[in-house]
Amino acid sequence: MQGRDIQTGRPHPISVAVRDIADIFGRMGFSVAHGPELEDEWHNFDALNIPADHPARDMQDTFWTKETPPRVLRTHTSPVQIRYMEKYGAPARIIVPGKVFRNEATDATHEAQFYQNEGLVVGEDITFAHLKGTLDTFFREYLGPAARVRFRPSYFSFTEPSVEVDVWFAKGAGGKGAWLEVMGAGMVHPSVLKNAGIDAKKYQGFAFGGGLERFLMVKYEIPDIRLFYSGDIRFLYGFDEKEI
Amino acid sequence: MKVSIAQLQKYFDAPLPSAEELDAVFTFHSFEIDARADDWLDISVLPNRAADCLSHRGIARELSALLSVPVARDPLRTPEPSFPKTSALRVVVEDPKKCLRYMGALMRGVKVGPSPDWLKEALGAMGQQSINNVVDAANYVMLHIGQPLHIFDVNKLSRDGDAYKIVVRSAHEGERLTTLSGEELVLSEDMLLIADGNSNTPLALAGVKGGMAALVDETTTDLVIEAASFDGPSVRRAAQSAKLFTDASLRFQNEPSSALAAYGMREVVSLIADIAGGELEGVTDVYGARAQASPARVRVSLEKINGLLGSDFSHEQVQEVFTRLAFSFDEVQGGWEITPPFERTDITIPEDLVEEVGRIIGYDTISPKILPEPSTPSDQAYFRGIERVKDFLLAQGFTEISTQTFAKDGDIILANPLDKTKPALRTTLTTNMQDALTRARRYAPRVLGPNSAPKLFEIGTIFPGDGERLAVETTEPVSDIPKIIDDGAYVPKHFALGRYTPFSIYPCMLRDIAVWTPEGTKSGEVEALIAASAGALLVRADLFDSFTKGTRVSYAFRLVFESPKRTLTDEEIHIFMEKITKALGARSGYEVR
């Protein structure tokens with residue numbers, strides 16, 4: 001039963017998560033980068049090694065504008081990798097939390113807009129071992145020292161090798177542990193570096209990215225992804241919350 | 001793809017491990033397993049491996065590398081098949097970019113009938129139904145080596161003299177095709193068609209589905225067997241516009257090597273001859289893309305592999321991976337020059353080989369390393385500048401909402417909106433804010449308590465004609481909101497969130513109750529009595545008034561009742577209120593007003 005005066009407002013759970021994420025990556029030297037939500041085809045697709053005939057470009061996945069040439073609502077935060085490297089070159093060490101869009105029917109686990117967090121590290125000798133070390137550190141700090149991370153082979157056109165990242169995660173208080181697929185990652189494809197104007201013979205790096213809502217849904221036992229963008233105060237006041 | 005372990009076993013002499021063990025080895029070294037039983041696995045083949053692994057042979061080859069167990073029989077590791085030519089079947093390919101290869105075999109004297117039991121069982125195990133021996137042979141070969149095949153009844157084709165003629169051409173706008181499963185397709189010019197070149201009758205939607213016109217049935221004696229290679233994107237688009245996603249289109253859209261067609265042809269001709277009789281008269285092979293079919297040679301060094309993975313694999317370890325994958329290689333200065341087998345169309349750059357080494361040896365064997373010190377300090381100034389504004393508004397009692405980017409009106413219109421009533425990108429946060437506030441006022445008594453006015457804010461991107469930008473919106477004016485500017489020194493506040501408690505979708509009911517209590521009674525005592533007597537559907541109680549008169553203190557509470565399962569009735573609430581009234585009245589010195 002509730003019944004107390006509330007003096008301060010409630011932060012959105014995405015803001016709460018992004019602040020924690022930015023803080024942990026900040027301690028590892030990551031900057032926070034930003035980019036447009038309305039993107040051109042080059043940054044959202046071509047530069048990321050997703051050619052014109054790729055299924056990801058299909059009308060059913062991507063929101064296109066009625067412009068000439070058409071633009072897209074970015075389908076991932078990865079175009080910010082390209083924009084950052086175009087502007088600042090290498091080395092690079094950034095995270096990109098941001099809103100992304102997919103044109104798919106919405107239900108309890110699918111929303112046409114959601115948040116991703118992207119990471120990119122480029123340097124002269126950045127390796128897959130650094131990707132493992134970085135994500136190990138992040139998940140232990142974010143979820144607690146018992147968090148475990150594992151990597152499985154995968155495929156993305158903008159990384160080679162590519163992996164899927166799972167974390168071992170105890171749901172709720174005293175909940176059972178389970179492996180949860182949380183992000184895709186890999187070593188930045190040399191064509192992507194070249195497309196962003198980086199010397200791919202000198203530099204290499206890793207990238208990772210994943211959605212935030214589904215992860216938070218497991219962490220806090222939120223039943224429906226659509227609640228995040230409902231603007232409904234019953235959702236925002238549905239968490240026990242304290243400032244730390 | 002559904003993989004039958006019994007069918008997989010055909011490639012090995014050594015007995016395969018259990019489905020459970022196969023699951024683990026595939027998951028960590030190749031592909032995810034979507035589902036499994038004791039005798040099959042549903043393998044989620046990755047897009048870059050769909051060219052070779054949407055087949056039992058491909059999966060067997062993969063497994064051979066993972067388990068380091070030799071493949072005893074591999075139909076693709078035999079010399080390229082060759083066939084007698086025939087002048088009785090002419091093939092014309094209109095656009096060699098869309099049809100990289102078209103092999104047509106003319107086979108005569110076949111007896112169509114039921115398949116032998118072993119074939120019915122094998123197809124069943126791989127998730128397919130038996131149709132007849134000839135069609136089953138084509139499906140069996142496709143599921144085993146990955147080459148889609150199609151068979152036409154020759155007696156349903158037209159003849160020009162002694163010759164039949166197959167044409168691979170673009171469909172005419174509005175041309176019609178009835179498929180084998182009865183769909184009536186109206187074709188468009190971007191679709192590739194297999195047609196009878198003598199009568200111009202459409203026979204099949206290339207790479208997707210065959211048509212009724214040359215259906216193989218009990219009366220069929222002579223066959224044209226198609227083993228072809230089509231442009232992947234064209235097949236994908238045709239399958240999409242026809243809404244026909246078939247085993248053939250799934251494979252063709254991933255462009256298996258055009259060299260595979262000849263192997264598929266050899267296997268299917270031999271199997272048909274075995275189970276349905278008949279003789280191969282000859283094969284017509286139009287192979288415009290032969291030059292592109294030879295695999296790329298790719299060089300990689302040990303230094304490159306360890307330099308990208310951060311591993312310390314030895315020369316021997318790496319070389320063993322290439323051997324296990326059956327890649328032929330030459331040792332060259334500092335590394336290897338690899339010639340992948342023709343079906344491994346995914347191996348084109350050194351990084352592809354790095355991935356093969358990493359995943360086969362296992363990513364778990366690579367020790368994590370901490371990043372070196374960054375060359376420039378972390379810059380989060382703009383992010384922190386935004387969070388500073390949020391913290392300022394939170395401190396003023398505003399709650400942060402995040403709303404939909406899509407709007408009724410705007411300067412940027414979507415070509416393909418999800419919600420047709422909201423085709424534009426928002427140019428303001430005001431509309432969503434007003435809607436959220438209206439709802440917030442309705443829920444405020446439940447969420448915030450009595451007499452509280454909800455205050456909301458959103459910081460989000462808007463899309464006016466002159467370019468997108470971040471906007472700040474509040475439900476009431478705030479005079480001194482800081483501007484969003486870089487602020488690297490600001491430290492955003494952190495919050496710990498507990499488990500989420502879902503709200504009821506049913507309306508809540510409000511009741512007020514006021515009670516006289518003896519002097520010195522604390523409001524908490526009254527609240528505890530109310531809570532104890534009201535039952536579980538009382539979800540909040542807020543003290544909204546209290547005053548002292550003489551030796552008595554009056555407390556007034558607003559009570560909120562709500563069920564997670566249904567709308568409550570006045571009668572129910574009346575019973576709850578009576579219980580509360582009775583419990584309070586039973587206390588000495590208490591009197592419900």
# chains A, B, ... in the order shown; residues from 1 in each chain; ligands from 1

$ interface_residues --of "chain A" --to "chain B" --cutoff "7 Å" --atoms "only C-alpha atoms" --output "ChimeraX atom specification"
/A:1-4,7-12,16,19-20,26,29-32,53,63-66,103,127-130,132-134,151-155,160-161,172,220-222,228-234,237-244

$ residues_around --residues "stretch 37-43 of chain A" --least-positions-apart "3" --cutoff "8 Å" --atoms "only C-alpha atoms" --output "list in words"
Asp46, Ala47, Leu48, Pro70, Arg71, Val72, Leu73, Arg74, Pro79, Val80, Ile82, Arg83, Lys99 and Val100 of chain A; Thr461 and Glu468 of chain B

$ write_last_selection --atoms "N, CA, C and O atoms" --output "compact mmCIF listing (two decimals), in the first residue's frame"
# COMPACT_ATOMS: atom_id res chain seq x y z
N ASP A 46 25.16 1.85 -46.30
CA ASP A 46 26.31 1.59 -47.17
C ASP A 46 27.63 1.58 -46.42
O ASP A 46 28.44 0.66 -46.59
N ALA A 47 27.85 2.62 -45.60
CA ALA A 47 29.14 2.74 -44.92
C ALA A 47 29.36 1.58 -43.95
O ALA A 47 30.49 1.22 -43.64
N LEU A 48 28.27 0.98 -43.50
CA LEU A 48 28.36 -0.15 -42.57
C LEU A 48 28.36 -1.48 -43.31
O LEU A 48 28.10 -2.52 -42.72
N PRO A 70 15.50 9.73 -50.45
CA PRO A 70 14.87 9.42 -49.16
C PRO A 70 15.90 9.28 -48.06
O PRO A 70 17.04 8.90 -48.31
N ARG A 71 15.49 9.62 -46.85
CA ARG A 71 16.32 9.32 -45.68
C ARG A 71 15.63 8.22 -44.87
O ARG A 71 14.50 7.85 -45.17
N VAL A 72 16.30 7.75 -43.84
CA VAL A 72 15.72 6.69 -43.01
C VAL A 72 15.78 7.12 -41.54
O VAL A 72 16.64 7.90 -41.16
N LEU A 73 14.82 6.64 -40.76
CA LEU A 73 14.99 6.72 -39.32
C LEU A 73 16.03 5.67 -38.98
O LEU A 73 15.87 4.50 -39.38
N ARG A 74 17.09 6.07 -38.31
CA ARG A 74 18.20 5.13 -38.14
C ARG A 74 17.71 3.82 -37.51
O ARG A 74 16.93 3.83 -36.58
N PRO A 79 25.42 4.08 -37.24
CA PRO A 79 25.88 5.18 -38.10
C PRO A 79 26.69 6.23 -37.34
O PRO A 79 27.52 6.92 -37.94
N VAL A 80 26.48 6.32 -36.03
CA VAL A 80 27.26 7.30 -35.26
C VAL A 80 28.74 6.89 -35.20
O VAL A 80 29.62 7.75 -35.12
N ILE A 82 30.36 5.78 -37.75
CA ILE A 82 30.90 6.36 -38.99
C ILE A 82 31.07 7.87 -38.83
O ILE A 82 32.12 8.42 -39.14
N ARG A 83 30.02 8.52 -38.34
CA ARG A 83 30.07 9.98 -38.19
C ARG A 83 31.20 10.41 -37.25
O ARG A 83 31.90 11.39 -37.51
N LYS A 99 18.12 6.62 -29.50
CA LYS A 99 16.87 6.05 -29.97
C LYS A 99 17.04 5.52 -31.39
O LYS A 99 17.69 6.15 -32.22
N VAL A 100 16.46 4.35 -31.66
CA VAL A 100 16.50 3.76 -32.99
C VAL A 100 15.09 3.27 -33.36
O VAL A 100 14.21 3.22 -32.49
N THR B 461 13.97 14.37 -29.38
CA THR B 461 14.28 14.94 -30.69
C THR B 461 12.99 15.30 -31.42
O THR B 461 12.04 14.52 -31.45
N GLU B 468 16.61 18.32 -37.53
CA GLU B 468 16.22 17.79 -36.22
C GLU B 468 17.01 18.45 -35.10
O GLU B 468 18.14 18.89 -35.28

$ residues_around --residues "A:Glu104" --least-positions-apart "6" --cutoff "9 Å" --atoms "only C-alpha atoms" --output "PyMOL selection string"
(chain A and resi 60-62+110-112) or (chain B and resi 418)

$ residues_around --residues "B:Gln7" --least-positions-apart "5" --cutoff "12 Å" --atoms "only C-alpha atoms" --output "PDB file with all heavy atoms, in the first residue's frame"
ATOM      1  N   LYS B   2      15.926 -27.804 -40.328  1.00  0.00           N
ATOM      2  CA  LYS B   2      15.774 -29.052 -39.576  1.00  0.00           C
ATOM      3  C   LYS B   2      16.784 -30.072 -40.086  1.00  0.00           C
ATOM      4  O   LYS B   2      16.792 -30.431 -41.258  1.00  0.00           O
ATOM      5  CB  LYS B   2      14.362 -29.595 -39.718  1.00  0.00           C
ATOM      6  CG  LYS B   2      14.128 -30.798 -38.819  1.00  0.00           C
ATOM      7  CD  LYS B   2      12.680 -31.218 -38.786  1.00  0.00           C
ATOM      8  CE  LYS B   2      12.522 -32.439 -37.877  1.00  0.00           C
ATOM      9  NZ  LYS B   2      11.165 -32.979 -37.895  1.00  0.00           N
ATOM     10  N   PHE B  12      29.443 -39.848 -42.031  1.00  0.00           N
ATOM     11  CA  PHE B  12      30.520 -40.238 -41.115  1.00  0.00           C
ATOM     12  C   PHE B  12      30.536 -41.751 -40.901  1.00  0.00           C
ATOM     13  O   PHE B  12      29.484 -42.389 -40.869  1.00  0.00           O
ATOM     14  CB  PHE B  12      30.326 -39.566 -39.746  1.00  0.00           C
ATOM     15  CG  PHE B  12      30.345 -38.065 -39.805  1.00  0.00           C
ATOM     16  CD1 PHE B  12      29.153 -37.354 -39.907  1.00  0.00           C
ATOM     17  CD2 PHE B  12      31.551 -37.377 -39.755  1.00  0.00           C
ATOM     18  CE1 PHE B  12      29.168 -35.960 -39.957  1.00  0.00           C
ATOM     19  CE2 PHE B  12      31.560 -35.987 -39.802  1.00  0.00           C
ATOM     20  CZ  PHE B  12      30.378 -35.278 -39.903  1.00  0.00           C
ATOM     21  N   LEU B  16      28.004 -40.418 -34.330  1.00  0.00           N
ATOM     22  CA  LEU B  16      27.939 -39.023 -33.875  1.00  0.00           C
ATOM     23  C   LEU B  16      27.543 -38.963 -32.396  1.00  0.00           C
ATOM     24  O   LEU B  16      26.846 -39.848 -31.903  1.00  0.00           O
ATOM     25  CB  LEU B  16      26.900 -38.262 -34.697  1.00  0.00           C
ATOM     26  CG  LEU B  16      27.260 -37.995 -36.148  1.00  0.00           C
ATOM     27  CD1 LEU B  16      26.103 -37.299 -36.863  1.00  0.00           C
ATOM     28  CD2 LEU B  16      28.521 -37.134 -36.235  1.00  0.00           C
ATOM     29  N   ASP B  39      16.583 -36.948 -32.129  1.00  0.00           N
ATOM     30  CA  ASP B  39      17.033 -37.327 -33.467  1.00  0.00           C
ATOM     31  C   ASP B  39      17.072 -36.185 -34.473  1.00  0.00           C
ATOM     32  O   ASP B  39      17.269 -36.418 -35.649  1.00  0.00           O
ATOM     33  CB  ASP B  39      16.158 -38.479 -34.007  1.00  0.00           C
ATOM     34  CG  ASP B  39      14.683 -38.121 -33.984  1.00  0.00           C
ATOM     35  OD1 ASP B  39      14.333 -37.073 -33.390  1.00  0.00           O
ATOM     36  OD2 ASP B  39      13.883 -38.871 -34.565  1.00  0.00           O
ATOM     37  N   TRP B  40      16.855 -34.952 -34.028  1.00  0.00           N
ATOM     38  CA  TRP B  40      17.010 -33.833 -34.958  1.00  0.00           C
ATOM     39  C   TRP B  40      17.413 -32.559 -34.230  1.00  0.00           C
ATOM     40  O   TRP B  40      17.233 -32.426 -33.017  1.00  0.00           O
ATOM     41  CB  TRP B  40      15.740 -33.581 -35.778  1.00  0.00           C
ATOM     42  CG  TRP B  40      14.496 -33.321 -34.976  1.00  0.00           C
ATOM     43  CD1 TRP B  40      13.550 -34.226 -34.624  1.00  0.00           C
ATOM     44  CD2 TRP B  40      14.056 -32.064 -34.416  1.00  0.00           C
ATOM     45  NE1 TRP B  40      12.555 -33.633 -33.889  1.00  0.00           N
ATOM     46  CE2 TRP B  40      12.837 -32.312 -33.750  1.00  0.00           C
ATOM     47  CE3 TRP B  40      14.565 -30.764 -34.422  1.00  0.00           C
ATOM     48  CZ2 TRP B  40      12.119 -31.295 -33.089  1.00  0.00           C
ATOM     49  CZ3 TRP B  40      13.858 -29.757 -33.761  1.00  0.00           C
ATOM     50  CH2 TRP B  40      12.654 -30.033 -33.106  1.00  0.00           C
ATOM     51  N   LEU B  41      17.963 -31.621 -35.013  1.00  0.00           N
ATOM     52  CA  LEU B  41      18.324 -30.301 -34.517  1.00  0.00           C
ATOM     53  C   LEU B  41      17.725 -29.273 -35.471  1.00  0.00           C
ATOM     54  O   LEU B  41      17.760 -29.473 -36.682  1.00  0.00           O
ATOM     55  CB  LEU B  41      19.848 -30.104 -34.542  1.00  0.00           C
ATOM     56  CG  LEU B  41      20.734 -31.055 -33.747  1.00  0.00           C
ATOM     57  CD1 LEU B  41      22.175 -30.905 -34.222  1.00  0.00           C
ATOM     58  CD2 LEU B  41      20.638 -30.743 -32.263  1.00  0.00           C
ATOM     59  N   SER B  55      22.173 -27.282 -45.824  1.00  0.00           N
ATOM     60  CA  SER B  55      22.282 -28.621 -46.420  1.00  0.00           C
ATOM     61  C   SER B  55      22.877 -29.555 -45.381  1.00  0.00           C
ATOM     62  O   SER B  55      23.679 -29.131 -44.548  1.00  0.00           O
ATOM     63  CB  SER B  55      23.198 -28.568 -47.641  1.00  0.00           C
ATOM     64  OG  SER B  55      24.536 -28.301 -47.256  1.00  0.00           O
ATOM     65  N   HIS B  56      22.480 -30.821 -45.437  1.00  0.00           N
ATOM     66  CA  HIS B  56      23.054 -31.787 -44.498  1.00  0.00           C
ATOM     67  C   HIS B  56      24.546 -31.979 -44.760  1.00  0.00           C
ATOM     68  O   HIS B  56      25.321 -32.126 -43.832  1.00  0.00           O
ATOM     69  CB  HIS B  56      22.300 -33.116 -44.575  1.00  0.00           C
ATOM     70  CG  HIS B  56      21.016 -33.092 -43.806  1.00  0.00           C
ATOM     71  ND1 HIS B  56      19.956 -32.275 -44.150  1.00  0.00           N
ATOM     72  CD2 HIS B  56      20.621 -33.744 -42.673  1.00  0.00           C
ATOM     73  CE1 HIS B  56      18.974 -32.442 -43.278  1.00  0.00           C
ATOM     74  NE2 HIS B  56      19.348 -33.324 -42.369  1.00  0.00           N
ATOM     75  N   ARG B  57      24.937 -31.926 -46.035  1.00  0.00           N
ATOM     76  CA  ARG B  57      26.355 -32.059 -46.337  1.00  0.00           C
ATOM     77  C   ARG B  57      27.162 -30.921 -45.726  1.00  0.00           C
ATOM     78  O   ARG B  57      28.236 -31.123 -45.149  1.00  0.00           O
ATOM     79  CB  ARG B  57      26.599 -32.083 -47.860  1.00  0.00           C
ATOM     80  CG  ARG B  57      28.037 -32.401 -48.222  1.00  0.00           C
ATOM     81  CD  ARG B  57      28.538 -31.590 -49.412  1.00  0.00           C
ATOM     82  NE  ARG B  57      28.729 -30.209 -49.056  1.00  0.00           N
ATOM     83  CZ  ARG B  57      29.907 -29.693 -48.669  1.00  0.00           C
ATOM     84  NH1 ARG B  57      30.982 -30.428 -48.602  1.00  0.00           N
ATOM     85  NH2 ARG B  57      30.006 -28.419 -48.345  1.00  0.00           N
ATOM     86  N   ILE B  59      26.374 -29.056 -43.143  1.00  0.00           N
ATOM     87  CA  ILE B  59      26.387 -29.203 -41.686  1.00  0.00           C
ATOM     88  C   ILE B  59      27.366 -30.305 -41.280  1.00  0.00           C
ATOM     89  O   ILE B  59      28.102 -30.188 -40.301  1.00  0.00           O
ATOM     90  CB  ILE B  59      24.960 -29.496 -41.163  1.00  0.00           C
ATOM     91  CG1 ILE B  59      24.036 -28.289 -41.407  1.00  0.00           C
ATOM     92  CG2 ILE B  59      24.980 -29.880 -39.689  1.00  0.00           C
ATOM     93  CD1 ILE B  59      24.391 -27.038 -40.624  1.00  0.00           C
ATOM     94  N   ALA B  60      27.406 -31.374 -42.092  1.00  0.00           N
ATOM     95  CA  ALA B  60      28.345 -32.466 -41.803  1.00  0.00           C
ATOM     96  C   ALA B  60      29.783 -31.968 -41.900  1.00  0.00           C
ATOM     97  O   ALA B  60      30.627 -32.271 -41.051  1.00  0.00           O
ATOM     98  CB  ALA B  60      28.125 -33.627 -42.777  1.00  0.00           C
ATOM     99  N   TRP B 118      12.666 -46.113 -47.621  1.00  0.00           N
ATOM    100  CA  TRP B 118      13.824 -45.422 -47.045  1.00  0.00           C
ATOM    101  C   TRP B 118      13.791 -43.931 -47.379  1.00  0.00           C
ATOM    102  O   TRP B 118      14.148 -43.085 -46.563  1.00  0.00           O
ATOM    103  CB  TRP B 118      15.142 -46.057 -47.501  1.00  0.00           C
ATOM    104  CG  TRP B 118      15.488 -45.815 -48.971  1.00  0.00           C
ATOM    105  CD1 TRP B 118      15.270 -46.649 -50.009  1.00  0.00           C
ATOM    106  CD2 TRP B 118      16.108 -44.636 -49.527  1.00  0.00           C
ATOM    107  NE1 TRP B 118      15.693 -46.094 -51.184  1.00  0.00           N
ATOM    108  CE2 TRP B 118      16.214 -44.856 -50.931  1.00  0.00           C
ATOM    109  CE3 TRP B 118      16.577 -43.437 -49.003  1.00  0.00           C
ATOM    110  CZ2 TRP B 118      16.765 -43.911 -51.797  1.00  0.00           C
ATOM    111  CZ3 TRP B 118      17.135 -42.493 -49.862  1.00  0.00           C
ATOM    112  CH2 TRP B 118      17.227 -42.726 -51.247  1.00  0.00           C
ATOM    113  N   LEU B 119      13.305 -43.610 -48.600  1.00  0.00           N
ATOM    114  CA  LEU B 119      13.282 -42.216 -49.032  1.00  0.00           C
ATOM    115  C   LEU B 119      12.165 -41.453 -48.310  1.00  0.00           C
ATOM    116  O   LEU B 119      12.353 -40.315 -47.875  1.00  0.00           O
ATOM    117  CB  LEU B 119      13.109 -42.149 -50.556  1.00  0.00           C
ATOM    118  CG  LEU B 119      13.086 -40.763 -51.187  1.00  0.00           C
ATOM    119  CD1 LEU B 119      14.300 -39.925 -50.784  1.00  0.00           C
ATOM    120  CD2 LEU B 119      13.021 -40.874 -52.719  1.00  0.00           C
ATOM    121  N   GLU B 121      11.026 -42.157 -45.403  1.00  0.00           N
ATOM    122  CA  GLU B 121      11.474 -41.946 -44.021  1.00  0.00           C
ATOM    123  C   GLU B 121      12.510 -40.838 -43.925  1.00  0.00           C
ATOM    124  O   GLU B 121      12.464 -40.004 -43.026  1.00  0.00           O
ATOM    125  CB  GLU B 121      12.076 -43.242 -43.456  1.00  0.00           C
ATOM    126  CG  GLU B 121      11.028 -44.190 -42.908  1.00  0.00           C
ATOM    127  CD  GLU B 121      11.585 -45.594 -42.699  1.00  0.00           C
ATOM    128  OE1 GLU B 121      12.783 -45.714 -42.359  1.00  0.00           O
ATOM    129  OE2 GLU B 121      10.831 -46.561 -42.902  1.00  0.00           O
ATOM    130  N   ALA B 122      13.459 -40.840 -44.869  1.00  0.00           N
ATOM    131  CA  ALA B 122      14.517 -39.830 -44.839  1.00  0.00           C
ATOM    132  C   ALA B 122      13.913 -38.435 -44.976  1.00  0.00           C
ATOM    133  O   ALA B 122      14.262 -37.509 -44.240  1.00  0.00           O
ATOM    134  CB  ALA B 122      15.521 -40.092 -45.957  1.00  0.00           C
ATOM    135  N   LEU B 123      12.970 -38.268 -45.909  1.00  0.00           N
ATOM    136  CA  LEU B 123      12.347 -36.950 -46.098  1.00  0.00           C
ATOM    137  C   LEU B 123      11.564 -36.548 -44.846  1.00  0.00           C
ATOM    138  O   LEU B 123      11.624 -35.399 -44.414  1.00  0.00           O
ATOM    139  CB  LEU B 123      11.427 -36.970 -47.313  1.00  0.00           C
ATOM    140  CG  LEU B 123      12.127 -36.924 -48.674  1.00  0.00           C
ATOM    141  CD1 LEU B 123      11.099 -37.071 -49.786  1.00  0.00           C
ATOM    142  CD2 LEU B 123      12.923 -35.639 -48.865  1.00  0.00           C
ATOM    143  N   GLY B 124      10.829 -37.515 -44.282  1.00  0.00           N
ATOM    144  CA  GLY B 124      10.075 -37.241 -43.061  1.00  0.00           C
ATOM    145  C   GLY B 124      10.995 -36.743 -41.966  1.00  0.00           C
ATOM    146  O   GLY B 124      10.684 -35.772 -41.257  1.00  0.00           O
ATOM    147  N   ALA B 125      12.155 -37.380 -41.829  1.00  0.00           N
ATOM    148  CA  ALA B 125      13.106 -36.990 -40.787  1.00  0.00           C
ATOM    149  C   ALA B 125      13.647 -35.589 -41.022  1.00  0.00           C
ATOM    150  O   ALA B 125      14.042 -34.888 -40.098  1.00  0.00           O
ATOM    151  CB  ALA B 125      14.253 -37.991 -40.741  1.00  0.00           C
ATOM    152  N   MET B 126      13.662 -35.155 -42.285  1.00  0.00           N
ATOM    153  CA  MET B 126      14.164 -33.813 -42.596  1.00  0.00           C
ATOM    154  C   MET B 126      13.019 -32.809 -42.722  1.00  0.00           C
ATOM    155  O   MET B 126      13.217 -31.678 -43.163  1.00  0.00           O
ATOM    156  CB  MET B 126      15.003 -33.859 -43.884  1.00  0.00           C
ATOM    157  CG  MET B 126      16.247 -34.745 -43.725  1.00  0.00           C
ATOM    158  SD  MET B 126      17.414 -34.678 -45.119  1.00  0.00           S
ATOM    159  CE  MET B 126      16.587 -35.687 -46.333  1.00  0.00           C
ATOM    160  N   GLY B 127      11.817 -33.236 -42.357  1.00  0.00           N
ATOM    161  CA  GLY B 127      10.686 -32.299 -42.284  1.00  0.00           C
ATOM    162  C   GLY B 127       9.916 -32.126 -43.582  1.00  0.00           C
ATOM    163  O   GLY B 127       9.252 -31.116 -43.768  1.00  0.00           O
ATOM    164  N   TYR B 140      15.205 -34.534 -51.851  1.00  0.00           N
ATOM    165  CA  TYR B 140      16.233 -35.226 -51.070  1.00  0.00           C
ATOM    166  C   TYR B 140      17.621 -34.667 -51.399  1.00  0.00           C
ATOM    167  O   TYR B 140      18.416 -34.371 -50.512  1.00  0.00           O
ATOM    168  CB  TYR B 140      16.157 -36.719 -51.374  1.00  0.00           C
ATOM    169  CG  TYR B 140      17.158 -37.580 -50.641  1.00  0.00           C
ATOM    170  CD1 TYR B 140      16.903 -38.008 -49.347  1.00  0.00           C
ATOM    171  CD2 TYR B 140      18.356 -37.953 -51.250  1.00  0.00           C
ATOM    172  CE1 TYR B 140      17.812 -38.809 -48.663  1.00  0.00           C
ATOM    173  CE2 TYR B 140      19.278 -38.749 -50.575  1.00  0.00           C
ATOM    174  CZ  TYR B 140      19.005 -39.171 -49.282  1.00  0.00           C
ATOM    175  OH  TYR B 140      19.909 -39.957 -48.621  1.00  0.00           O
ATOM    176  N   VAL B 141      17.879 -34.507 -52.697  1.00  0.00           N
ATOM    177  CA  VAL B 141      19.198 -33.994 -53.101  1.00  0.00           C
ATOM    178  C   VAL B 141      19.373 -32.553 -52.611  1.00  0.00           C
ATOM    179  O   VAL B 141      20.433 -32.177 -52.112  1.00  0.00           O
ATOM    180  CB  VAL B 141      19.383 -34.111 -54.634  1.00  0.00           C
ATOM    181  CG1 VAL B 141      20.651 -33.379 -55.083  1.00  0.00           C
ATOM    182  CG2 VAL B 141      19.426 -35.577 -55.049  1.00  0.00           C
ATOM    183  N   LEU B 143      18.040 -31.139 -49.929  1.00  0.00           N
ATOM    184  CA  LEU B 143      18.257 -31.126 -48.483  1.00  0.00           C
ATOM    185  C   LEU B 143      19.637 -31.669 -48.128  1.00  0.00           C
ATOM    186  O   LEU B 143      20.210 -31.306 -47.119  1.00  0.00           O
ATOM    187  CB  LEU B 143      17.164 -31.929 -47.771  1.00  0.00           C
ATOM    188  CG  LEU B 143      15.763 -31.325 -47.887  1.00  0.00           C
ATOM    189  CD1 LEU B 143      14.724 -32.289 -47.318  1.00  0.00           C
ATOM    190  CD2 LEU B 143      15.677 -29.973 -47.193  1.00  0.00           C
ATOM    191  N   HIS B 144      20.175 -32.527 -48.994  1.00  0.00           N
ATOM    192  CA  HIS B 144      21.500 -33.068 -48.710  1.00  0.00           C
ATOM    193  C   HIS B 144      22.622 -32.170 -49.167  1.00  0.00           C
ATOM    194  O   HIS B 144      23.562 -31.925 -48.409  1.00  0.00           O
ATOM    195  CB  HIS B 144      21.649 -34.487 -49.275  1.00  0.00           C
ATOM    196  CG  HIS B 144      21.340 -35.523 -48.241  1.00  0.00           C
ATOM    197  ND1 HIS B 144      22.232 -35.859 -47.256  1.00  0.00           N
ATOM    198  CD2 HIS B 144      20.233 -36.249 -47.996  1.00  0.00           C
ATOM    199  CE1 HIS B 144      21.691 -36.761 -46.449  1.00  0.00           C
ATOM    200  NE2 HIS B 144      20.461 -37.014 -46.885  1.00  0.00           N
ATOM    201  N   ILE B 145      22.557 -31.654 -50.398  1.00  0.00           N
ATOM    202  CA  ILE B 145      23.721 -30.864 -50.818  1.00  0.00           C
ATOM    203  C   ILE B 145      23.406 -29.393 -51.051  1.00  0.00           C
ATOM    204  O   ILE B 145      24.301 -28.620 -51.339  1.00  0.00           O
ATOM    205  CB  ILE B 145      24.460 -31.482 -52.028  1.00  0.00           C
ATOM    206  CG1 ILE B 145      23.664 -31.304 -53.305  1.00  0.00           C
ATOM    207  CG2 ILE B 145      24.796 -32.947 -51.805  1.00  0.00           C
ATOM    208  CD1 ILE B 145      24.544 -31.608 -54.506  1.00  0.00           C
TER     209      ILE B 145
END

$ atom_distance --atom1 "atom CA of A:Thr137" --atom2 "atom CA of A:Phe156"
23.7 Å

$ closest_residue --among "B:Glu173, B:Ile272, B:Gly288, B:Ile361" --to "B:Val318" --atoms "only C-alpha atoms"
B:Ile361
